Each structure stands twice: as C-alpha cells, then as structure tokens.
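Participant: What follows is a structure written as structure tokens; I'll ask about it next.
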Amino acid sequence: MPEDKVYIFDTTLRDGEQTPGVALGVEEKLEIAHALERMKVDIIEAGFAASSPGDFEAVSRIAKEVRGAVIATLCRAVPEDIDMGWEAIKHAASPRIHVFISSSDIHIMHMLEKDREHVLEMARTMVARAKKYCPDVEFSPMDATRSEPAYVFRMLKEVIDAGATTVNIPDTVGYAIPEEFADFIRAIQENVPNIHRARISVHCHNDLGLAVANSLAAVKAGARQVEVCVNGIGERGGNASLEEVVMALKTRKDLFGLTVGLDTTQIYPVSRLVAQLTGIPVQPNKAIVGANAFRHQSGIHQHGIIKLRETYEIIDPRDIGLPRGGIIVLNKNSGRHGLRARLRELGYELTEEELDRVFRAFKELADKKGEIDDRDLEMLMKEERRATVEVYKLDLLQVSCGNHLVPTATVRLIGPGGEVLQTTATGTGPVDASFQAINRLVGLPNRLVEYQVKSVTEGIDAQGEVTVRIEVDGHQFVGIGSDTDIVVASAKALMDALNRALTRVPRGEGVWSNP
Ligand code: KIV
Ligand code: ZN
C-alpha cells in the first residue's frame, strides 16, 4: 500500500538549469537551494556533479550548507560519474545518488550504441556501486515511456535488488497521455515483484503541455515522489511545474487524500527568485504564479469576488505567499522602515547591507518618478538579487539622437583596476551606439542574441526593464537593467550580461548529452 505522503523532488537546479540560455553561478544556485529548503521541498537535485567543475562546486557547496533537505546529484551509469557524484554530496546531511540510463530501444541503439543486456548490466552494477557509498539511491530508466514495458519491469527489478530505494519513471520527451501514464505506473506495481521495497517517482516533461496532468495521474495510480521545477522551467517545453503540482494536490485533497510537506506560502517568493536569477520570466497567464493568476477583469467576476472571494477563486492568494491588500504606494518621503516593512510583506527578507543598497536605489528612483509601487519594488529587488561582481562599472552615458542626427553615444566606464575608460561611438540608434561604445571599451567578443524592453508600470515616467542575452564563446549570459530612461536601462543590462560573462564559469557544455 503506497504511503499517504507525496515527496516533492525539486530539479530546478539540474533539469531547470538545462533551460536554454540559463547559466546560474554557484552563489545563485546556493541562494535558490536555501529558498527551496525554506519552502521545505523534500529532495533538492543540486546538479550534475560530473558534468563540469562549476556544477561540482555548486553541488558540494549545497551539500555542505543546505541541511534541511535530501541533496541529490545526477550521475550517468558510469563509474566516474558515480565516484565524482559521491565526492560532491558526501558531506550532505542526507545525500542521494541518482543514477540514470536509457531504457528505450531508440536511445539504446542510436545514442548508447549498445544492446539491452549490456545496458541492464550497466544499470545493475552502477546502482550497486552507488549503494556502496550511499544508502539512498534513485534510479531512472530514461525515456521509460517509449520503452518496452517488459524491459522496464526487468530493469526496475534488477536495480531494486541492487539497492535502489526510489525508482523514477521519466517521460523524458513528454510523450505520455495521463490515462496511459497512470496505467504504466499501475503495471509497474503489478509486474515488478520487489517494487514494495522502493518508492515510485515520476519525472514528466511538458512537450505536449501534459507534464502536470501526467504527474497527477501517476500520483493517483500510486507514485509517491514527483519531480518538478519551479515555474515549470526545464529542457524544451520544461518540466512539471512545482507550484501547479503542489497546489493541485492541496486544493483537491478531497480527491487525492494525500499530504505534501511543502510550505506553500513560499511558492510566490521562490517563483520570483527563480525568475529573477534565471532571467526566464513567468508568463502572465501561468497558473498559480502568473501576474494574472489572481486578477479579475470582468465586472461580473469583480462583483463576485467583492461579495465572496471563493466565487471566482479556488486558492486563497495568501496560501502561496501573495500579499493581498491592494497596491501600496511609497514615495521619496518614505523611510527605511516603511521600505523594509513593504518588502517584507512582498516576501523579501533583507540583511542590513542589502537594505542599504535597495534603499539608496529606492531614493534615486523616487526622486525621478515620485510614486513607487510594488512593481517598482519588485524591479529594484530583481536588480539587487542579480547583483554581480562589477568588473566594469558604468560611470557615464550620454547620447545624442534625433531624426536629423547620427545617433552618438559617449560612455565612461570604471575598469577592474579603477582606471577610467571613455569612448564615443555611433550606431543605428541610441541603444546601438551605446552598445558599440560599451563593447569597444570592454573588448569581450559577444553576439547579441536577444533584446527586450518592457514597461514596469504605466505612465510616461514608468521604469523600463531591459533584458539582454548575449553569447560569448558558445555560452549565453542574461543581463537585466532598469531605469526611467530606456537607453540607460539598456546600457545597464548589457553591462550586467558582460560582467556575468567575465565572472562566471558556465556549465560545461558538450561534456555529456543532456538527459
Ligand atoms: O528527462 C529525463 O529523463 C531526465 C532523467 C535524467 C531523470 O531528466
Ligand atoms: Zn528531465
């Protein structure tokens, strides 16, 4: 009989980090891991330790510093990965080694170029190797949903005999349909004789938009661990979204009858933190954490909500940590205490040093635009959370442009040794001219992959938020900048991306094939 708790396995830092364009630094991963710990996820997959030195360092720092959750690392079914994986997580309070190998013929023949018996042997021996290091071993037959079921059953039996305590069923390419996936989970319970010695987990991708539905169908059929990512980020269409799975289980407890250990009031702050640090925004109509998730447009709906919230809301926004109570406006006369109190209500706990920086930025902004609402504060926090070592600092930007002028920008930067660098460049517009000048001074060859401007609030004095994505040496870096002047915001965003590129060791691409 399966347990009555569903374990939440968060893979934002591993599968989520495989989102195209995301490259988190070690400190950012630690910050997310601490936030996941505060949210009380059961297991944090901290990375793929053997994939690059940067991943190894991040996994081992998380293992040492984050004590309130099981810390897992992913390993291919090869000795080097398992040895290195263990090296990275051995100091964790509760370590877990997660071994995977493909079980579908298409992967076995074309990727692994082996036969089924050989793959079975690798699975068995590598789980046994992991077990010698660590009592908690998870095994995943990759592409399970496109594999021959009888082969998956055999593989699961062998790995459980070898010591696996969790068997995870990945729908690697998001191919399954809920009813069929639930049948598969039931068939595993009926056909794997030693299945009672392991917990069944599921790991669903969203290629058909069914990752959450498949995960929930699997839970109904007996799975008791769900692998998820905050905001549903991940390879291609992403992974099952943590907030959707958890809130479905909680909201429909009448149907599932199962408990989840998560502190749901952390969902909203953690969602924002992940969006800010990854540079992947949450779509406005995203369930649970999208900007529109608790907004009511139609007069009939508004009328209903005013009378009784439950008329059009199935979740109390406070349950996910979303502050209600209207938009509170601060201005240049507001003090540190007022700012801290509002940020606290918005879910941000700041150290004195952080508050000093945010307060300075707040005052500067309030001088320019008078009233500061929650969206402006979110923007200030986004910049604060993304603060990186400034190798080059933007000191001055001056542009001239117009319909009869060649757009020209003068940029002054302070370099790594405190030296003052200045140049003037022309371009197709003021932003291009500024970028030309900055690039000339920094001298780091890069390609602009994406440039986006959006307004943070309404009105002519609104802040513009600029996101810039650049490619350096095959690695992508995201920069964010905001200002009431969008040319300045653009320059700040490019500086942020360049400073990130100059200070970060990106994940080792090409070292392994992405699961
Ligand atoms: O999608 C997948 O199959 C994976 C496994 C490594 C669990 O990410
Ligand atoms: Zn995956």
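Every chain in the structure tokens takes a letter, A first, then B, and so on in the order presented; its residues are numbered from 1, and the ligands are numbered from 1 following the presented order.
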With only C-alpha atoms and all ligand atoms counted, collect every polymer residue having an atom within 9 Å of ligand 1; state the result as JSON, numbers by chain.
Facilitator: {"A": [11, 14, 15, 74, 75, 76, 98, 99, 100, 101, 102, 139, 140, 141, 142, 143, 144, 168, 169, 170, 171, 172, 173, 174, 202, 203, 204, 205, 227, 235, 239, 514, 515]}
Participant: Could those selected residues go to a file with N, CA and C atoms, as a short mmCIF file (atom, residue, chain, number, x, y, z; two decimals), in the first residue's frame?
Facilitator:
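Printed below is again29.cif as written:
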```
data_model
loop_
_atom_site.label_atom_id
_atom_site.label_comp_id
_atom_site.auth_asym_id
_atom_site.auth_seq_id
_atom_site.Cartn_x
_atom_site.Cartn_y
_atom_site.Cartn_z
N THR A 11 13.98 19.71 -9.11
CA THR A 11 15.14 19.61 -10.00
C THR A 11 15.40 20.92 -10.77
N ARG A 14 18.95 21.38 -11.61
CA ARG A 14 19.57 20.43 -12.56
C ARG A 14 18.81 20.46 -13.89
N ASP A 15 17.61 19.90 -13.94
CA ASP A 15 16.87 19.91 -15.21
C ASP A 15 16.46 21.35 -15.56
N LEU A 74 22.79 14.02 -9.96
CA LEU A 74 22.53 13.10 -11.07
C LEU A 74 23.85 12.50 -11.56
N CYS A 75 23.81 11.22 -11.93
CA CYS A 75 25.01 10.55 -12.44
C CYS A 75 24.62 9.64 -13.60
N ARG A 76 25.39 9.65 -14.69
CA ARG A 76 25.19 8.61 -15.69
C ARG A 76 25.62 7.28 -15.08
N HIS A 98 21.62 9.75 -7.73
CA HIS A 98 20.57 9.50 -8.73
C HIS A 98 21.25 9.00 -10.02
N VAL A 99 21.07 7.71 -10.28
CA VAL A 99 21.72 7.09 -11.45
C VAL A 99 20.70 6.97 -12.57
N PHE A 100 21.11 7.26 -13.80
CA PHE A 100 20.16 7.06 -14.91
C PHE A 100 20.85 6.41 -16.10
N ILE A 101 20.05 5.67 -16.85
CA ILE A 101 20.48 5.16 -18.16
C ILE A 101 19.22 4.93 -19.00
N SER A 102 19.36 5.06 -20.30
CA SER A 102 18.18 4.93 -21.15
C SER A 102 17.67 3.50 -21.23
N PHE A 139 17.06 5.47 -9.08
CA PHE A 139 17.39 5.04 -10.45
C PHE A 139 16.31 5.48 -11.42
N SER A 140 16.76 5.98 -12.61
CA SER A 140 15.80 6.39 -13.65
C SER A 140 16.10 5.68 -14.98
N PRO A 141 15.13 4.93 -15.51
CA PRO A 141 15.29 4.42 -16.87
C PRO A 141 14.84 5.53 -17.83
N MET A 142 15.81 6.18 -18.45
CA MET A 142 15.46 7.36 -19.25
C MET A 142 14.64 6.96 -20.47
N ASP A 143 13.69 7.81 -20.81
CA ASP A 143 12.77 7.59 -21.94
C ASP A 143 11.89 6.36 -21.67
N ALA A 144 11.56 6.17 -20.39
CA ALA A 144 10.79 4.99 -19.98
C ALA A 144 9.47 4.85 -20.75
N ASN A 168 12.46 6.04 -10.49
CA ASN A 168 11.83 7.21 -11.09
C ASN A 168 11.48 6.89 -12.55
N ILE A 169 10.25 7.20 -12.92
CA ILE A 169 9.82 6.88 -14.29
C ILE A 169 9.76 8.17 -15.10
N PRO A 170 10.79 8.41 -15.94
CA PRO A 170 10.79 9.67 -16.68
C PRO A 170 9.98 9.56 -17.99
N ASP A 171 9.17 10.58 -18.20
CA ASP A 171 8.57 10.76 -19.52
C ASP A 171 9.45 11.82 -20.19
N THR A 172 10.62 11.35 -20.60
CA THR A 172 11.71 12.24 -21.00
C THR A 172 11.35 13.21 -22.11
N VAL A 173 10.56 12.74 -23.06
CA VAL A 173 10.25 13.61 -24.21
C VAL A 173 8.79 14.08 -24.17
N GLY A 174 8.16 13.95 -23.02
CA GLY A 174 6.80 14.47 -22.85
C GLY A 174 5.81 13.84 -23.80
N VAL A 202 7.92 10.01 -10.42
CA VAL A 202 7.71 10.32 -11.84
C VAL A 202 8.37 11.64 -12.18
N HIS A 203 8.74 11.76 -13.44
CA HIS A 203 9.51 12.92 -13.92
C HIS A 203 8.97 13.23 -15.31
N CYS A 204 8.10 14.25 -15.40
CA CYS A 204 7.39 14.47 -16.66
C CYS A 204 7.80 15.76 -17.34
N HIS A 205 8.04 15.64 -18.63
CA HIS A 205 8.35 16.83 -19.44
C HIS A 205 7.08 17.30 -20.14
N GLU A 227 8.84 14.72 -9.52
CA GLU A 227 9.99 15.57 -9.84
C GLU A 227 9.49 16.80 -10.60
N GLU A 235 14.27 21.63 -19.86
CA GLU A 235 14.53 21.33 -21.28
C GLU A 235 13.30 21.57 -22.14
N ASN A 239 9.68 21.21 -17.44
CA ASN A 239 9.31 20.09 -16.56
C ASN A 239 7.97 20.40 -15.92
N ASN A 514 22.60 15.88 -22.80
CA ASN A 514 21.55 16.24 -21.84
C ASN A 514 20.51 15.15 -21.69
N PRO A 515 20.11 14.81 -20.45
CA PRO A 515 19.04 13.82 -20.29
C PRO A 515 17.72 14.40 -20.79
#
```
Participant: Can you pull out the residues contacting range 442-450 of chain A? Cut-off 8 Å, using only C-alpha atoms, and skip same-chain residues under 5 positions away; I want them as a ChimeraX atom specification.
Facilitator: /A:392,467-473,498
Participant: Please provide as a PyMOL selection string all residues within 8 Å of Ala218 in chain A, with the sequence filter that same-chain residues fewer than 2 positions apart are discarded (counting only C-alpha atoms).
Facilitator: chain A and resi 178+181-182+185+202+214-216+220-223
Participant: As an exercise, work out the distance from CA of Glu87 in chain A to CA of Val26 in chain A in Å and give it to one decimal place.
Facilitator: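 So the two atoms, CA of Glu87 in chain A and CA of Val26 in chain A, lie 17.2 Å apart.
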Participant: Point out the residue among A:Glu244, A:Glu37, A:Glu17, A:Asp83 with the least atom-to-atom distance to ligand 2, counting only C-alpha atoms and all ligand atoms.
Facilitator: A:Glu17
Participant: Might you pull out every residue within 6 Å of range 408-422 of chain A, with only C-alpha atoms counted and same-chain residues fewer than 5 positions away left off, and present them as a list in words?
Facilitator: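 That gives Val391, Tyr392, Lys393, Leu394, Asp395, Leu396, Leu397, Gln398, Val399, Ser400, Ala433 and Ser434 of chain A.
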Participant: Give me a file of those residues, with N, CA and C atoms, as a PDB file, in the first residue's frame.
Facilitator:
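Heads up, here's the output in selection10.pdb:
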```
ATOM      1  N   VAL A 391      32.919  43.971 -12.742  1.00  0.00           N
ATOM      2  CA  VAL A 391      34.282  44.083 -13.250  1.00  0.00           C
ATOM      3  C   VAL A 391      34.424  45.466 -13.888  1.00  0.00           C
ATOM      4  N   TYR A 392      33.449  45.805 -14.718  1.00  0.00           N
ATOM      5  CA  TYR A 392      33.376  47.149 -15.297  1.00  0.00           C
ATOM      6  C   TYR A 392      32.120  47.817 -14.748  1.00  0.00           C
ATOM      7  N   LYS A 393      32.254  49.095 -14.416  1.00  0.00           N
ATOM      8  CA  LYS A 393      31.118  49.830 -13.849  1.00  0.00           C
ATOM      9  C   LYS A 393      30.757  50.972 -14.786  1.00  0.00           C
ATOM     10  N   LEU A 394      29.465  51.110 -15.047  1.00  0.00           N
ATOM     11  CA  LEU A 394      29.024  52.208 -15.922  1.00  0.00           C
ATOM     12  C   LEU A 394      29.050  53.503 -15.113  1.00  0.00           C
ATOM     13  N   ASP A 395      29.865  54.458 -15.583  1.00  0.00           N
ATOM     14  CA  ASP A 395      30.010  55.699 -14.827  1.00  0.00           C
ATOM     15  C   ASP A 395      29.225  56.826 -15.494  1.00  0.00           C
ATOM     16  N   LEU A 396      29.238  56.850 -16.835  1.00  0.00           N
ATOM     17  CA  LEU A 396      28.540  57.933 -17.526  1.00  0.00           C
ATOM     18  C   LEU A 396      28.054  57.443 -18.881  1.00  0.00           C
ATOM     19  N   LEU A 397      26.864  57.887 -19.236  1.00  0.00           N
ATOM     20  CA  LEU A 397      26.335  57.603 -20.577  1.00  0.00           C
ATOM     21  C   LEU A 397      25.655  58.862 -21.065  1.00  0.00           C
ATOM     22  N   GLN A 398      26.085  59.286 -22.228  1.00  0.00           N
ATOM     23  CA  GLN A 398      25.474  60.490 -22.798  1.00  0.00           C
ATOM     24  C   GLN A 398      25.187  60.202 -24.254  1.00  0.00           C
ATOM     25  N   VAL A 399      23.940  60.426 -24.673  1.00  0.00           N
ATOM     26  CA  VAL A 399      23.616  60.118 -26.076  1.00  0.00           C
ATOM     27  C   VAL A 399      23.010  61.337 -26.755  1.00  0.00           C
ATOM     28  N   SER A 400      23.265  61.425 -28.059  1.00  0.00           N
ATOM     29  CA  SER A 400      22.512  62.414 -28.827  1.00  0.00           C
ATOM     30  C   SER A 400      21.910  61.677 -30.002  1.00  0.00           C
ATOM     31  N   ALA A 433      24.295  52.661 -30.500  1.00  0.00           N
ATOM     32  CA  ALA A 433      25.510  53.465 -30.305  1.00  0.00           C
ATOM     33  C   ALA A 433      26.101  53.204 -28.918  1.00  0.00           C
ATOM     34  N   SER A 434      25.239  53.115 -27.898  1.00  0.00           N
ATOM     35  CA  SER A 434      25.732  52.845 -26.528  1.00  0.00           C
ATOM     36  C   SER A 434      26.388  51.468 -26.467  1.00  0.00           C
TER      37      SER A 434
END
```
Participant: Just want the 10 Å neighbourhood of Thr278 in chain A, counted on only C-alpha atoms, with same-chain residues fewer than 4 positions away dropped. Output as JSON, numbers by chain.
Facilitator: {"A": [16, 17, 19, 21, 22, 23, 24, 25, 28, 29, 233, 272, 273, 274, 386, 477, 478, 479]}
Participant: Those selected residues, please, written with N, CA, C and O atoms and delivered as a compact mmCIF listing (two decimals), in the first residue's frame.
Facilitator:
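Below is the file that was written, part.txt:
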```
# COMPACT_ATOMS: atom_id res chain seq x y z
N GLY A 16 16.08 22.12 -14.53
CA GLY A 16 15.67 23.51 -14.77
C GLY A 16 16.81 24.33 -15.33
O GLY A 16 16.62 25.21 -16.18
N GLU A 17 18.01 24.02 -14.89
CA GLU A 17 19.16 24.78 -15.38
C GLU A 17 19.50 24.40 -16.81
O GLU A 17 20.30 25.06 -17.46
N THR A 19 17.41 24.72 -19.07
CA THR A 19 16.61 25.61 -19.91
C THR A 19 17.57 26.40 -20.80
O THR A 19 18.54 26.97 -20.31
N GLY A 21 19.72 28.99 -22.41
CA GLY A 21 20.05 30.36 -22.03
C GLY A 21 20.25 30.55 -20.54
O GLY A 21 20.68 31.61 -20.11
N VAL A 22 19.97 29.53 -19.72
CA VAL A 22 20.14 29.70 -18.27
C VAL A 22 21.52 29.20 -17.87
O VAL A 22 21.92 28.10 -18.23
N ALA A 23 22.26 30.03 -17.18
CA ALA A 23 23.56 29.60 -16.64
C ALA A 23 23.70 30.27 -15.29
O ALA A 23 24.03 31.45 -15.21
N LEU A 24 23.40 29.52 -14.24
CA LEU A 24 23.45 30.10 -12.89
C LEU A 24 24.85 29.97 -12.31
O LEU A 24 25.51 28.95 -12.52
N GLY A 25 25.29 30.97 -11.60
CA GLY A 25 26.57 30.88 -10.90
C GLY A 25 26.38 30.13 -9.59
O GLY A 25 25.25 29.89 -9.15
N GLU A 28 24.31 31.92 -6.94
CA GLU A 28 22.88 31.96 -7.28
C GLU A 28 22.23 30.60 -7.00
O GLU A 28 21.12 30.53 -6.49
N LYS A 29 22.97 29.53 -7.32
CA LYS A 29 22.41 28.20 -7.05
C LYS A 29 22.22 28.00 -5.54
O LYS A 29 21.22 27.44 -5.10
N ILE A 233 10.22 25.41 -15.43
CA ILE A 233 11.30 25.58 -16.41
C ILE A 233 11.96 24.23 -16.68
O ILE A 233 11.70 23.25 -15.97
N ARG A 272 9.46 34.03 -7.82
CA ARG A 272 10.07 35.29 -8.28
C ARG A 272 11.59 35.21 -8.24
O ARG A 272 12.27 35.69 -9.14
N LEU A 273 12.10 34.58 -7.20
CA LEU A 273 13.56 34.47 -7.09
C LEU A 273 14.11 33.70 -8.30
O LEU A 273 15.10 34.11 -8.92
N VAL A 274 13.46 32.59 -8.63
CA VAL A 274 13.95 31.77 -9.76
C VAL A 274 13.82 32.56 -11.07
O VAL A 274 14.73 32.56 -11.90
N ARG A 386 20.16 40.08 -8.50
CA ARG A 386 21.05 39.70 -9.59
C ARG A 386 22.42 40.36 -9.46
O ARG A 386 23.27 40.17 -10.32
N PHE A 477 24.59 34.49 -21.68
CA PHE A 477 24.50 35.22 -20.41
C PHE A 477 23.38 36.23 -20.51
O PHE A 477 23.25 36.93 -21.51
N VAL A 478 22.59 36.31 -19.44
CA VAL A 478 21.45 37.23 -19.42
C VAL A 478 21.81 38.43 -18.57
O VAL A 478 22.39 38.28 -17.49
N GLY A 479 21.45 39.60 -19.03
CA GLY A 479 21.63 40.81 -18.23
C GLY A 479 20.31 41.54 -18.11
O GLY A 479 19.50 41.53 -19.05
```
Participant: With only C-alpha atoms and all ligand atoms as the atoms that count, which of A:Asp81, A:Asp483, A:Asp207, A:Glu465 lies nearest to ligand 2?
Facilitator: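 For ligand 2, the nearest of the given residues is A:Asp207.
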Participant: Of the candidates A:Thr12, A:Thr165, A:Ser334, A:Asn194, which one gets nearest to ligand 2 if we count only C-alpha atoms and all ligand atoms?
Facilitator: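 For ligand 2, the nearest of the candidates is A:Thr12.
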Participant: Tell me, as a ChimeraX atom specification, which residues lie within 8 Å of Arg124 in chain A, counting only C-alpha atoms; anything in the same chain fewer than 6 positions away does not count.
Facilitator: /A:155,158-159,162
Participant: Can I get the selected residues back with C-alpha atoms, as a PDB file, in the first residue's frame?
Facilitator:
```pdb
ATOM      1  CA  MET A 155      15.377  -3.241 -15.260  1.00  0.00           C
ATOM      2  CA  GLU A 158      17.339  -5.635 -11.087  1.00  0.00           C
ATOM      3  CA  VAL A 159      18.113  -2.159  -9.761  1.00  0.00           C
ATOM      4  CA  ALA A 162      20.998  -3.879  -6.377  1.00  0.00           C
TER       5      ALA A 162
END
```
Participant: Per DSSP on the backbone, filter range 68-224 of chain A down to the residues in strand (DSSP E or B) and report them as number ranges by chain.
Facilitator: A: 70-76, 95-102, 137-142, 166-171, 199-205
Participant: Could you pull out all residues of range 113-322 of chain A with a DSSP call of alpha helix (DSSP H) and give them as number ranges by chain?
Facilitator: A: 116-133, 149-162, 178-191, 211-220, 242-251, 253-256, 267-278, 299-307
Participant: At what distance in Å, to one decimal, does CA of Gly335 in chain A lie from CA of Lys368 in chain A?
Facilitator: 16.6 Å
